[in-house]
$ cat work.cif   # mmCIF, C-alpha atoms and all ligand atoms
data_final
#
loop_
_atom_site.group_PDB
_atom_site.id
_atom_site.type_symbol
_atom_site.label_atom_id
_atom_site.label_comp_id
_atom_site.auth_asym_id
_atom_site.auth_seq_id
_atom_site.Cartn_x
_atom_site.Cartn_y
_atom_site.Cartn_z
ATOM 1 C CA MET Q 199 -4.428 2.311 -4.385
ATOM 2 C CA PRO Q 200 -3.240 5.605 -2.834
ATOM 3 C CA SER Q 201 -0.349 7.408 -4.586
ATOM 4 C CA ASP Q 202 2.113 6.309 -1.876
ATOM 5 C CA GLY Q 203 1.184 2.681 -2.508
ATOM 6 C CA TYR Q 204 0.867 0.721 0.732
ATOM 7 C CA PHE Q 205 3.618 2.780 2.367
ATOM 8 C CA ASN Q 206 1.579 5.806 3.407
ATOM 9 C CA GLU Q 207 2.204 8.340 6.187
ATOM 10 C CA ILE Q 208 1.112 5.950 8.937
ATOM 11 C CA VAL Q 209 3.340 3.118 7.691
ATOM 12 C CA ALA Q 210 6.257 5.533 7.112
ATOM 13 C CA SER Q 211 5.930 6.992 10.614
ATOM 14 C CA THR Q 212 6.248 3.560 12.248
ATOM 15 C CA TYR Q 213 8.464 1.723 9.705
ATOM 16 C CA ASP Q 214 11.660 2.167 11.721
ATOM 17 C CA TYR Q 215 10.030 0.749 14.883
ATOM 18 C CA ASP Q 216 10.836 -2.751 13.571
ATOM 19 C CA VAL Q 217 14.013 -2.812 15.630
ATOM 20 C CA ASP Q 218 14.999 -6.348 14.568
ATOM 21 C CA SER Q 219 15.384 -5.242 10.947
ATOM 22 C CA PHE Q 220 17.338 -2.129 11.924
ATOM 23 C CA ASN Q 221 19.794 -3.643 14.384
ATOM 24 C CA PRO Q 222 23.418 -4.082 13.282
ATOM 25 C CA GLU Q 223 23.079 -7.881 13.315
ATOM 26 C CA ALA Q 224 20.542 -7.619 10.470
ATOM 27 C CA VAL Q 225 21.966 -4.584 8.672
ATOM 28 C CA ASP Q 226 25.750 -5.165 8.708
ATOM 29 C CA PRO Q 227 25.818 -8.381 6.622
ATOM 30 C CA VAL Q 228 23.602 -6.735 3.971
ATOM 31 C CA VAL Q 229 25.772 -3.623 3.823
ATOM 32 C CA ASN Q 230 29.018 -5.638 3.712
ATOM 33 C CA PHE Q 231 27.666 -7.877 0.927
ATOM 34 C CA LEU Q 232 26.481 -4.922 -1.186
ATOM 35 C CA ALA Q 233 29.599 -2.807 -0.634
ATOM 36 C CA GLU Q 234 31.805 -5.699 -1.752
ATOM 37 C CA LEU Q 235 29.703 -6.245 -4.870
ATOM 38 C CA ALA Q 236 29.632 -2.513 -5.739
ATOM 39 C CA ASN Q 237 33.418 -2.808 -5.849
ATOM 40 C CA GLY Q 238 34.070 0.935 -5.730
ATOM 41 C CA GLY Q 239 31.196 1.796 -8.119
ATOM 42 C CA SER Q 240 27.820 3.383 -7.406
ATOM 43 C CA ALA Q 241 24.589 1.645 -6.405
ATOM 44 C CA LEU Q 242 20.872 2.132 -7.021
ATOM 45 C CA GLU Q 243 18.298 0.821 -4.540
ATOM 46 C CA PHE Q 244 14.842 0.003 -5.909
ATOM 47 C CA GLY Q 245 12.357 0.669 -3.081
ATOM 48 C CA ILE Q 246 14.865 2.601 -0.963
ATOM 49 C CA GLY Q 247 12.271 3.344 1.720
ATOM 50 C CA THR Q 248 13.533 5.203 4.782
ATOM 51 C CA GLY Q 249 17.131 4.257 4.001
ATOM 52 C CA ARG Q 250 17.514 1.278 6.359
ATOM 53 C CA ILE Q 251 20.307 -0.085 4.122
ATOM 54 C CA ALA Q 252 21.073 2.876 1.833
ATOM 55 C CA LEU Q 253 22.271 5.150 4.663
ATOM 56 C CA PRO Q 254 24.792 2.739 6.225
ATOM 57 C CA LEU Q 255 25.904 1.733 2.717
ATOM 58 C CA ALA Q 256 26.570 5.404 1.901
ATOM 59 C CA ILE Q 257 28.459 5.783 5.204
ATOM 60 C CA LYS Q 258 30.642 2.862 4.060
ATOM 61 C CA GLY Q 259 31.659 4.972 1.059
ATOM 62 C CA VAL Q 260 29.309 3.695 -1.671
ATOM 63 C CA GLU Q 261 27.525 6.361 -3.733
ATOM 64 C CA VAL Q 262 23.869 5.331 -3.367
ATOM 65 C CA HIS Q 263 20.818 6.516 -5.324
ATOM 66 C CA GLY Q 264 17.238 5.406 -4.824
ATOM 67 C CA ILE Q 265 13.848 4.990 -6.454
ATOM 68 C CA ASP Q 266 10.677 4.763 -4.382
ATOM 69 C CA ILE Q 267 6.999 5.295 -5.095
ATOM 70 C CA SER Q 268 6.168 6.610 -1.629
ATOM 71 C CA ASN Q 269 6.589 10.277 -0.880
ATOM 72 C CA ALA Q 270 5.992 9.512 2.809
ATOM 73 C CA MET Q 271 8.909 7.026 2.935
ATOM 74 C CA LEU Q 272 11.204 9.347 0.936
ATOM 75 C CA THR Q 273 10.376 12.246 3.262
ATOM 76 C CA LYS Q 274 11.443 10.134 6.244
ATOM 77 C CA LEU Q 275 14.711 9.321 4.461
ATOM 78 C CA ALA Q 276 15.384 12.983 3.667
ATOM 79 C CA GLN Q 277 14.855 13.935 7.333
ATOM 80 C CA LYS Q 278 17.576 11.559 8.561
ATOM 81 C CA THR Q 279 21.223 12.549 8.966
ATOM 82 C CA GLY Q 280 22.852 12.078 5.556
ATOM 83 C CA GLY Q 281 19.474 11.395 3.913
ATOM 84 C CA ASP Q 282 19.489 14.692 2.060
ATOM 85 C CA ARG Q 283 22.731 13.626 0.334
ATOM 86 C CA ILE Q 284 21.139 10.534 -1.273
ATOM 87 C CA PRO Q 285 19.676 11.403 -4.699
ATOM 88 C CA VAL Q 286 16.210 9.888 -5.093
ATOM 89 C CA THR Q 287 13.637 9.638 -7.849
ATOM 90 C CA GLN Q 288 10.000 9.162 -6.926
ATOM 91 C CA GLY Q 289 8.287 6.595 -9.133
ATOM 92 C CA ASP Q 290 7.612 2.929 -9.835
ATOM 93 C CA PHE Q 291 10.837 0.924 -9.916
ATOM 94 C CA ALA Q 292 9.418 -1.307 -12.647
ATOM 95 C CA THR Q 293 9.503 1.588 -15.101
ATOM 96 C CA THR Q 294 11.130 4.722 -13.630
ATOM 97 C CA LEU Q 295 14.472 5.824 -15.085
ATOM 98 C CA CYS Q 296 16.912 7.870 -13.094
ATOM 99 C CA GLY Q 297 19.173 8.877 -15.985
ATOM 100 C CA LYS Q 298 22.388 7.265 -14.742
ATOM 101 C CA SER Q 299 23.965 3.826 -14.757
ATOM 102 C CA PHE Q 300 25.383 1.895 -11.840
ATOM 103 C CA SER Q 301 27.652 -0.993 -10.874
ATOM 104 C CA LEU Q 302 24.936 -2.375 -8.637
ATOM 105 C CA VAL Q 303 21.133 -2.320 -8.531
ATOM 106 C CA TYR Q 304 19.509 -3.977 -5.512
ATOM 107 C CA LEU Q 305 15.951 -4.803 -4.459
ATOM 108 C CA ILE Q 306 15.723 -6.367 -1.020
ATOM 109 C CA PHE Q 307 13.424 -7.240 1.887
ATOM 110 C CA ASN Q 308 10.887 -9.095 -0.328
ATOM 111 C CA THR Q 309 10.131 -5.872 -2.215
ATOM 112 C CA ILE Q 310 9.998 -7.598 -5.644
ATOM 113 C CA MET Q 311 6.762 -9.125 -4.284
ATOM 114 C CA ASN Q 312 5.198 -5.650 -4.039
ATOM 115 C CA LEU Q 313 4.829 -5.876 -7.817
ATOM 116 C CA LYS Q 314 1.642 -7.862 -8.080
ATOM 117 C CA THR Q 315 1.796 -9.144 -11.664
ATOM 118 C CA GLN Q 316 4.331 -11.192 -13.600
ATOM 119 C CA ASP Q 317 4.458 -8.452 -16.255
ATOM 120 C CA GLU Q 318 5.510 -5.833 -13.693
ATOM 121 C CA GLN Q 319 8.135 -8.160 -12.219
ATOM 122 C CA VAL Q 320 9.564 -8.812 -15.714
ATOM 123 C CA LYS Q 321 9.632 -5.062 -16.373
ATOM 124 C CA CYS Q 322 11.466 -4.552 -13.090
ATOM 125 C CA PHE Q 323 14.269 -6.871 -14.267
ATOM 126 C CA GLN Q 324 14.414 -5.001 -17.572
ATOM 127 C CA ASN Q 325 14.550 -1.685 -15.727
ATOM 128 C CA ALA Q 326 17.338 -2.974 -13.464
ATOM 129 C CA ALA Q 327 19.295 -4.155 -16.537
ATOM 130 C CA SER Q 328 18.835 -0.761 -18.205
ATOM 131 C CA HIS Q 329 20.453 0.943 -15.173
ATOM 132 C CA LEU Q 330 23.492 -1.372 -15.049
ATOM 133 C CA ASN Q 331 26.931 -0.821 -16.512
ATOM 134 C CA PRO Q 332 28.231 -3.854 -18.447
ATOM 135 C CA GLY Q 333 29.565 -6.272 -15.811
ATOM 136 C CA GLY Q 334 27.247 -4.733 -13.179
ATOM 137 C CA ASN Q 335 25.070 -6.784 -10.837
ATOM 138 C CA PHE Q 336 21.400 -6.937 -9.884
ATOM 139 C CA VAL Q 337 20.678 -8.314 -6.389
ATOM 140 C CA ILE Q 338 17.353 -9.524 -5.052
ATOM 141 C CA GLU Q 339 16.610 -10.730 -1.525
ATOM 142 C CA VAL Q 340 13.281 -12.526 -1.316
ATOM 143 C CA MET Q 341 11.649 -15.223 0.779
ATOM 144 C CA VAL Q 342 11.040 -18.764 -0.418
ATOM 145 C CA PRO Q 343 7.214 -19.085 -0.547
ATOM 146 C CA ALA Q 344 6.175 -20.958 2.630
ATOM 147 C CA LEU Q 345 3.942 -23.448 0.840
ATOM 148 C CA GLN Q 346 5.853 -26.454 2.196
ATOM 149 C CA LEU Q 347 5.019 -25.259 5.696
ATOM 150 C CA ILE Q 348 1.239 -25.422 5.331
ATOM 151 C CA PRO Q 349 -0.802 -28.593 4.908
ATOM 152 C CA PHE Q 350 -2.257 -29.377 1.491
ATOM 153 C CA GLY Q 351 -5.422 -27.341 0.867
ATOM 154 C CA GLU Q 352 -4.741 -24.913 3.727
ATOM 155 C CA LYS Q 353 -4.084 -21.251 2.922
ATOM 156 C CA ASN Q 354 -2.883 -19.614 6.128
ATOM 157 C CA TYR Q 355 0.602 -19.556 7.550
ATOM 158 C CA VAL Q 356 1.266 -17.906 10.903
ATOM 159 C CA PHE Q 357 4.700 -16.341 10.510
ATOM 160 C CA ASP Q 358 4.766 -14.415 13.773
ATOM 161 C CA LEU Q 359 2.955 -14.753 17.073
ATOM 162 C CA CYS Q 360 4.524 -12.704 19.822
ATOM 163 C CA ASP Q 361 3.252 -10.340 22.515
ATOM 164 C CA ASP Q 362 2.891 -7.262 20.330
ATOM 165 C CA HIS Q 363 2.569 -8.669 16.807
ATOM 166 C CA TRP Q 364 0.593 -11.408 15.090
ATOM 167 C CA GLY Q 365 1.311 -12.052 11.427
ATOM 168 C CA VAL Q 366 -0.543 -14.386 9.075
ATOM 169 C CA ASP Q 367 0.143 -14.927 5.363
ATOM 170 C CA THR Q 368 -2.813 -16.124 3.280
ATOM 171 C CA TYR Q 369 -1.677 -17.938 0.140
ATOM 172 C CA ASP Q 370 -3.605 -18.404 -3.101
ATOM 173 C CA VAL Q 371 -1.830 -20.832 -5.420
ATOM 174 C CA VAL Q 372 -4.264 -20.148 -8.271
ATOM 175 C CA SER Q 373 -3.328 -16.472 -8.584
ATOM 176 C CA GLN Q 374 0.198 -16.952 -7.146
ATOM 177 C CA SER Q 375 -0.532 -14.315 -4.560
ATOM 178 C CA VAL Q 376 -0.136 -13.936 -0.836
ATOM 179 C CA GLU Q 377 -1.710 -11.401 1.480
ATOM 180 C CA SER Q 378 0.123 -10.540 4.701
ATOM 181 C CA HIS Q 379 -2.116 -9.662 7.611
ATOM 182 C CA HIS Q 380 -0.721 -7.940 10.690
ATOM 183 C CA VAL Q 381 -2.232 -7.264 14.091
ATOM 184 C CA ARG Q 382 -0.012 -5.011 16.212
ATOM 185 C CA VAL Q 383 -0.305 -3.663 19.714
ATOM 186 C CA ARG Q 384 1.002 -0.097 19.799
ATOM 187 C CA ASN Q 385 0.420 2.387 22.623
ATOM 188 C CA GLN Q 386 -2.022 -0.148 24.107
ATOM 189 C CA LYS Q 387 -4.144 -0.037 20.938
ATOM 190 C CA LEU Q 388 -4.707 -2.761 18.363
ATOM 191 C CA GLU Q 389 -3.740 -1.887 14.782
ATOM 192 C CA MET Q 390 -4.662 -4.110 11.868
ATOM 193 C CA SER Q 391 -3.280 -3.953 8.343
ATOM 194 C CA SER Q 392 -3.045 -6.147 5.250
ATOM 195 C CA ILE Q 393 -0.805 -5.943 2.218
ATOM 196 C CA PRO Q 394 -1.058 -7.974 -1.011
ATOM 197 C CA PHE Q 395 1.977 -9.506 -2.737
ATOM 198 C CA ARG Q 396 2.823 -11.723 -5.682
ATOM 199 C CA TYR Q 397 5.106 -14.501 -4.413
ATOM 200 C CA VAL Q 398 7.761 -15.728 -6.791
ATOM 201 C CA TRP Q 399 10.079 -18.739 -7.022
ATOM 202 C CA ALA Q 400 13.807 -18.498 -7.709
ATOM 203 C CA SER Q 401 13.364 -20.366 -11.012
ATOM 204 C CA GLU Q 402 10.848 -17.792 -12.255
ATOM 205 C CA LEU Q 403 13.187 -14.956 -11.274
ATOM 206 C CA ASP Q 404 15.942 -16.656 -13.307
ATOM 207 C CA LEU Q 405 13.647 -16.687 -16.341
ATOM 208 C CA MET Q 406 12.852 -12.991 -15.830
ATOM 209 C CA ALA Q 407 16.589 -12.327 -15.653
ATOM 210 C CA LYS Q 408 17.092 -14.230 -18.916
ATOM 211 C CA ILE Q 409 14.400 -12.092 -20.591
ATOM 212 C CA ALA Q 410 16.336 -9.018 -19.421
ATOM 213 C CA ASN Q 411 19.643 -10.479 -20.706
ATOM 214 C CA LEU Q 412 21.061 -10.952 -17.217
ATOM 215 C CA LYS Q 413 22.977 -14.043 -16.153
ATOM 216 C CA LEU Q 414 22.737 -15.800 -12.769
ATOM 217 C CA LYS Q 415 26.067 -15.328 -10.986
ATOM 218 C CA ALA Q 416 25.305 -16.583 -7.462
ATOM 219 C CA ARG Q 417 22.491 -17.617 -5.171
ATOM 220 C CA TRP Q 418 23.021 -17.672 -1.411
ATOM 221 C CA GLY Q 419 20.855 -18.753 1.509
ATOM 222 C CA SER Q 420 21.808 -15.664 3.519
ATOM 223 C CA TRP Q 421 23.640 -12.339 3.336
ATOM 224 C CA LYS Q 422 26.585 -14.095 5.008
ATOM 225 C CA LYS Q 423 26.886 -16.286 1.892
ATOM 226 C CA GLU Q 424 25.618 -19.481 3.486
ATOM 227 C CA PRO Q 425 24.591 -22.027 0.854
ATOM 228 C CA PHE Q 426 21.063 -21.943 -0.557
ATOM 229 C CA THR Q 427 19.532 -25.308 0.399
ATOM 230 C CA ASN Q 428 16.233 -27.210 0.458
ATOM 231 C CA THR Q 429 15.412 -25.614 3.801
ATOM 232 C CA SER Q 430 16.513 -22.015 3.133
ATOM 233 C CA ARG Q 431 13.723 -19.595 4.024
ATOM 234 C CA TYR Q 432 14.975 -16.850 1.712
ATOM 235 C CA HIS Q 433 17.634 -16.289 -0.887
ATOM 236 C CA VAL Q 434 19.976 -13.579 -2.026
ATOM 237 C CA SER Q 435 20.434 -13.849 -5.785
ATOM 238 C CA VAL Q 436 22.886 -12.031 -8.007
ATOM 239 C CA TRP Q 437 22.525 -11.651 -11.787
ATOM 240 C CA GLU Q 438 25.186 -10.046 -13.937
ATOM 241 C CA LYS Q 439 24.863 -7.883 -17.029
ATOM 242 C CA PRO Q 440 27.291 -9.437 -19.490
ATOM 243 C CA ILE Q 441 30.212 -7.261 -20.585
ATOM 244 C CA ASN Q 442 29.816 -8.424 -24.148
ATOM 245 C CA THR Q 443 26.119 -8.396 -25.103
ATOM 246 C CA ASN Q 444 26.647 -9.876 -28.626
HETATM 247 C C1 LIG Q 501 9.460 -3.251 2.607
HETATM 248 S S1 LIG Q 501 9.917 -1.604 2.192
HETATM 249 C C2 LIG Q 501 11.657 -1.818 1.997
HETATM 250 C C3 LIG Q 501 12.410 -0.542 2.188
HETATM 251 C C4 LIG Q 501 13.928 -0.721 2.186
HETATM 252 N N1 LIG Q 501 14.389 -1.327 0.958
HETATM 253 C C5 LIG Q 501 14.369 -1.572 3.363
HETATM 254 O O1 LIG Q 501 15.056 -2.575 3.135
HETATM 255 O O2 LIG Q 501 14.043 -1.219 4.495
HETATM 256 C C6 LIG Q 501 9.376 -1.496 0.504
HETATM 257 C C7 LIG Q 501 9.633 -0.133 -0.132
HETATM 258 O O3 LIG Q 501 9.403 -0.254 -1.528
HETATM 259 C C8 LIG Q 501 8.567 0.795 -1.966
HETATM 260 N N2 LIG Q 501 7.801 0.293 -3.140
HETATM 261 C C9 LIG Q 501 6.897 -0.709 -3.156
HETATM 262 N N3 LIG Q 501 6.464 -0.919 -4.410
HETATM 263 C C10 LIG Q 501 7.113 -0.021 -5.194
HETATM 264 C C11 LIG Q 501 7.120 0.245 -6.588
HETATM 265 N N4 LIG Q 501 6.358 -0.453 -7.435
HETATM 266 N N5 LIG Q 501 7.922 1.216 -7.057
HETATM 267 C C12 LIG Q 501 8.713 1.936 -6.201
HETATM 268 N N6 LIG Q 501 8.759 1.724 -4.869
HETATM 269 C C13 LIG Q 501 7.976 0.751 -4.380
HETATM 270 C C14 LIG Q 501 7.712 1.165 -0.793
HETATM 271 O O4 LIG Q 501 7.219 2.480 -0.903
HETATM 272 C C15 LIG Q 501 8.679 0.955 0.361
HETATM 273 O O5 LIG Q 501 9.401 2.133 0.639
#
$ encode --input "work.cif" --output "structure tokens" --more "lines below"
Ligand SMILES: C[S@@+](CC[C@H](N)C(=O)[O-])C[C@H]1O[C@@H](n2cnc3c(N)ncnc32)[C@H](O)[C@@H]1O
Amino acid sequence: MPSDGYFNEIVASTYDYDVDSFNPEAVDPVVNFLAELANGGSALEFGIGTGRIALPLAIKGVEVHGIDISNAMLTKLAQKTGGDRIPVTQGDFATTLCGKSFSLVYLIFNTIMNLKTQDEQVKCFQNAASHLNPGGNFVIEVMVPALQLIPFGEKNYVFDLCDDHWGVDTYDVVSQSVESHHVRVRNQKLEMSSIPFRYVWASELDLMAKIANLKLKARWGSWKKEPFTNTSRYHVSVWEKPINTN
């Protein structure tokens, strides 16, 4: 794997083209949710990327720091207005320390799934816990694996099929992995890319939290705090670091 992981120069240069993820309808509920939870304290984003959420969160008055493995993504962040005022540490968020503690650590947009083993995902929870003040919160936003949407024995799930993008997830229940394949039309050219993930259920995340001495505080079906139900396609989960760890 290249040193920037799967988020190399090409990905970084086009990341912000995904207008749906950058429009206020998508961004504002995330920023409002996180700002409320930070409650006047500072926040650390694991996998900060180009600052899609970190920048508007900082504009809202939250002191935001970030960890990211990709120099290409961090360079894009630094080039944006206000980006140079967000302290970042380049490294793996499963293990990298940034030498400060926070009221809030958050890891969103399915990025926990970029860690491709259970061990790394467990370490990520432990690293989040180690960066939290007592009473602080760790937030994850991640999809519910789409296995109920594909017939028994099938592996492929078409999650997008529009004029300029086709997306197919290929599931493997034996290794608990999913590979996302994309075909994009850009500048009248076809671009193909694939990225491997480890999918993870909410119950397994709760066990990882327990290993890291974090306690489930809330689980929502959306950033607008809709209930998490049998048909939710993703969840936003919050675990708290107890004030008294005895
Ligand atoms: C899908 S992007 C999300 C970026 C940003 N959080 C957002 O919501 O737009 C995933 C980001 O996580 C970073 N990343 C993936 N695996 C990582 C790891 N193990 N350690 C640190 N950063 C990682 C990538 O470089 C990329 O910037």
$ closest_atom_pairs --input "work.cif" --of "range 210-308 of chain Q" --to "range 374-393 of chain Q" --cutoff "12 Å" --atoms "all atoms listed in the file" --output "CSV"
residue,atom,partner,partner_atom,distance
Q:Thr212,CA,Q:Arg384,CA,9.9
Q:Tyr215,CA,Q:Arg384,CA,10.3
Q:Asp216,CA,Q:Arg382,CA,11.4
Q:Asn308,CA,Q:Ser378,CA,12.0
$ resolve_selection --input "work.cif" --expression "the PyMOL selection byres (((chain Q and resi 269-281) around 9) and not hetatm)" --output "PyMOL selection string"
chain Q and resi 201-202+205-211+213+246-250+252-253+256-257+265-268+282-286+288
$ residues_near_point --input "work.cif" --point "(21.6, -13.8, -23.0)" --cutoff "12 Å" --atoms "all atoms listed in the file" --output "list in words"
Ala327, Asp404, Leu405, Met406, Ala407, Lys408, Ile409, Ala410, Asn411, Leu412, Lys413, Leu414, Trp437, Glu438, Lys439, Pro440, Ile441, Asn442, Thr443 and Asn444 of chain Q
$ axis_aligned_box --input "work.cif" --around "ligand LIG 501 (chain Q)" --padding-each-side "4 Å" --output "JSON"
{"center_x": 10.7, "center_y": -0.4, "center_z": -1.5, "size_x": 16.7, "size_y": 13.7, "size_z": 19.9}
$ residues_around --input "work.cif" --residues "Pro343 in chain Q" --least-positions-apart "6" --cutoff "8 Å" --atoms "all atoms listed in the file" --output "ChimeraX atom specification"
/Q:397-399,431
$ atom_distance --input "work.cif" --atom1 "CA of Thr429 in chain Q" --atom2 "CA of Leu347 in chain Q"
10.6 Å
$ atom_distance --input "work.cif" --atom1 "CA of Val217 in chain Q" --atom2 "CA of Asp358 in chain Q"
15.0 Å
$ resolve_selection --input "work.cif" --expression "the PyMOL selection byres (((chain Q and resi 228-238) around 6) and not hetatm)" --output "list of chain:residue names"
Q:Val225, Q:Asp226, Q:Pro227, Q:Gly239, Q:Leu255, Q:Ser301, Q:Leu302, Q:Trp421
$ resolve_selection --input "work.cif" --expression "the PyMOL selection byres (((chain Q and resi 311) around 6) and not hetatm)" --output "number ranges by chain"
Q: 308-310, 312-313, 395-397
$ atom_distance --input "work.cif" --atom1 "CA of Glu318 in chain Q" --atom2 "atom C13 of ligand LIG 501 (chain Q)"
11.7 Å
$ residues_near_point --input "work.cif" --point "(15.5, -1.9, -1.2)" --cutoff "7 Å" --atoms "all atoms listed in the file" --output "mmCIF file with C-alpha atoms, in the coordinates of the input"
data_model
loop_
_atom_site.group_PDB
_atom_site.id
_atom_site.type_symbol
_atom_site.label_atom_id
_atom_site.label_comp_id
_atom_site.auth_asym_id
_atom_site.auth_seq_id
_atom_site.Cartn_x
_atom_site.Cartn_y
_atom_site.Cartn_z
ATOM 1 C CA GLU Q 243 18.298 0.821 -4.540
ATOM 2 C CA PHE Q 244 14.842 0.003 -5.909
ATOM 3 C CA GLY Q 245 12.357 0.669 -3.081
ATOM 4 C CA ILE Q 246 14.865 2.601 -0.963
ATOM 5 C CA GLY Q 247 12.271 3.344 1.720
ATOM 6 C CA TYR Q 304 19.509 -3.977 -5.512
ATOM 7 C CA LEU Q 305 15.951 -4.803 -4.459
ATOM 8 C CA ILE Q 306 15.723 -6.367 -1.020
ATOM 9 C CA PHE Q 307 13.424 -7.240 1.887
ATOM 10 C CA THR Q 309 10.131 -5.872 -2.215
#
$ closest_residue --input "work.cif" --among "Q:Lys314, Q:Leu359, Q:Glu261, Q:Gly297" --to "ligand LIG 501 (chain Q)" --atoms "only C-alpha atoms and all ligand atoms"
Q:Lys314
$ residues_around --input "work.cif" --residues "Lys353 in chain Q" --least-positions-apart "6" --cutoff "10 Å" --atoms "only C-alpha atoms" --output "list in words"
Leu345, Val366, Asp367, Thr368, Tyr369, Asp370, Val371 and Val376 of chain Q
$ closest_residue --input "work.cif" --among "Q:Thr315, Q:Asn335, Q:Thr427, Q:Asn221" --to "Ile251 in chain Q" --atoms "all atoms listed in the file"
Q:Asn221
$ closest_residue --input "work.cif" --among "Q:Gly419, Q:Gly264, Q:Gly289, Q:Gly259" --to "ligand LIG 501 (chain Q)" --atoms "all atoms listed in the file"
Q:Gly289
$ decode --input "work.cif" --residues "range 345-362 of chain Q" --atoms "N, CA and C atoms" --output "PDB file, in the first residue's frame"
ATOM      1  N   LEU Q 345     -25.979  -6.470   3.916  1.00  0.00           N
ATOM      2  CA  LEU Q 345     -26.181  -7.897   3.608  1.00  0.00           C
ATOM      3  C   LEU Q 345     -27.648  -8.285   3.474  1.00  0.00           C
ATOM      4  N   GLN Q 346     -28.544  -7.557   4.149  1.00  0.00           N
ATOM      5  CA  GLN Q 346     -29.973  -7.875   4.007  1.00  0.00           C
ATOM      6  C   GLN Q 346     -30.505  -7.483   2.636  1.00  0.00           C
ATOM      7  N   LEU Q 347     -29.723  -6.681   1.911  1.00  0.00           N
ATOM      8  CA  LEU Q 347     -30.204  -6.189   0.619  1.00  0.00           C
ATOM      9  C   LEU Q 347     -29.764  -7.065  -0.550  1.00  0.00           C
ATOM     10  N   ILE Q 348     -28.936  -8.084  -0.265  1.00  0.00           N
ATOM     11  CA  ILE Q 348     -28.523  -8.957  -1.370  1.00  0.00           C
ATOM     12  C   ILE Q 348     -28.995 -10.385  -1.097  1.00  0.00           C
ATOM     13  N   PRO Q 349     -29.420 -11.079  -2.152  1.00  0.00           N
ATOM     14  CA  PRO Q 349     -29.937 -12.430  -1.948  1.00  0.00           C
ATOM     15  C   PRO Q 349     -28.863 -13.366  -1.375  1.00  0.00           C
ATOM     16  N   PHE Q 350     -29.323 -14.381  -0.669  1.00  0.00           N
ATOM     17  CA  PHE Q 350     -28.420 -15.351  -0.057  1.00  0.00           C
ATOM     18  C   PHE Q 350     -27.455 -15.922  -1.101  1.00  0.00           C
ATOM     19  N   GLY Q 351     -26.166 -15.924  -0.774  1.00  0.00           N
ATOM     20  CA  GLY Q 351     -25.165 -16.481  -1.695  1.00  0.00           C
ATOM     21  C   GLY Q 351     -24.605 -15.478  -2.686  1.00  0.00           C
ATOM     22  N   GLU Q 352     -25.333 -14.348  -2.877  1.00  0.00           N
ATOM     23  CA  GLU Q 352     -24.809 -13.312  -3.786  1.00  0.00           C
ATOM     24  C   GLU Q 352     -23.780 -12.457  -3.043  1.00  0.00           C
ATOM     25  N   LYS Q 353     -22.927 -11.787  -3.770  1.00  0.00           N
ATOM     26  CA  LYS Q 353     -21.866 -10.990  -3.129  1.00  0.00           C
ATOM     27  C   LYS Q 353     -21.942  -9.503  -3.471  1.00  0.00           C
ATOM     28  N   ASN Q 354     -22.607  -9.178  -4.583  1.00  0.00           N
ATOM     29  CA  ASN Q 354     -22.509  -7.809  -5.096  1.00  0.00           C
ATOM     30  C   ASN Q 354     -23.747  -6.991  -4.783  1.00  0.00           C
ATOM     31  N   TYR Q 355     -23.514  -5.765  -4.374  1.00  0.00           N
ATOM     32  CA  TYR Q 355     -24.608  -4.844  -4.108  1.00  0.00           C
ATOM     33  C   TYR Q 355     -24.335  -3.530  -4.851  1.00  0.00           C
ATOM     34  N   VAL Q 356     -25.237  -3.195  -5.756  1.00  0.00           N
ATOM     35  CA  VAL Q 356     -25.072  -1.948  -6.518  1.00  0.00           C
ATOM     36  C   VAL Q 356     -25.606  -0.809  -5.652  1.00  0.00           C
ATOM     37  N   PHE Q 357     -24.705   0.043  -5.171  1.00  0.00           N
ATOM     38  CA  PHE Q 357     -25.168   1.118  -4.285  1.00  0.00           C
ATOM     39  C   PHE Q 357     -25.351   2.437  -5.017  1.00  0.00           C
ATOM     40  N   ASP Q 358     -24.872   2.526  -6.240  1.00  0.00           N
ATOM     41  CA  ASP Q 358     -25.115   3.746  -7.015  1.00  0.00           C
ATOM     42  C   ASP Q 358     -25.084   3.403  -8.495  1.00  0.00           C
ATOM     43  N   LEU Q 359     -26.013   3.986  -9.234  1.00  0.00           N
ATOM     44  CA  LEU Q 359     -26.036   3.762 -10.680  1.00  0.00           C
ATOM     45  C   LEU Q 359     -26.646   5.007 -11.314  1.00  0.00           C
ATOM     46  N   CYS Q 360     -25.812   6.025 -11.476  1.00  0.00           N
ATOM     47  CA  CYS Q 360     -26.316   7.241 -12.106  1.00  0.00           C
ATOM     48  C   CYS Q 360     -25.454   7.571 -13.318  1.00  0.00           C
ATOM     49  N   ASP Q 361     -25.728   8.706 -13.952  1.00  0.00           N
ATOM     50  CA  ASP Q 361     -25.085   9.001 -15.243  1.00  0.00           C
ATOM     51  C   ASP Q 361     -23.558   8.989 -15.181  1.00  0.00           C
ATOM     52  N   ASP Q 362     -23.016   9.548 -14.083  1.00  0.00           N
ATOM     53  CA  ASP Q 362     -21.551   9.695 -14.056  1.00  0.00           C
ATOM     54  C   ASP Q 362     -20.862   8.852 -12.997  1.00  0.00           C
TER      55      ASP Q 362
END
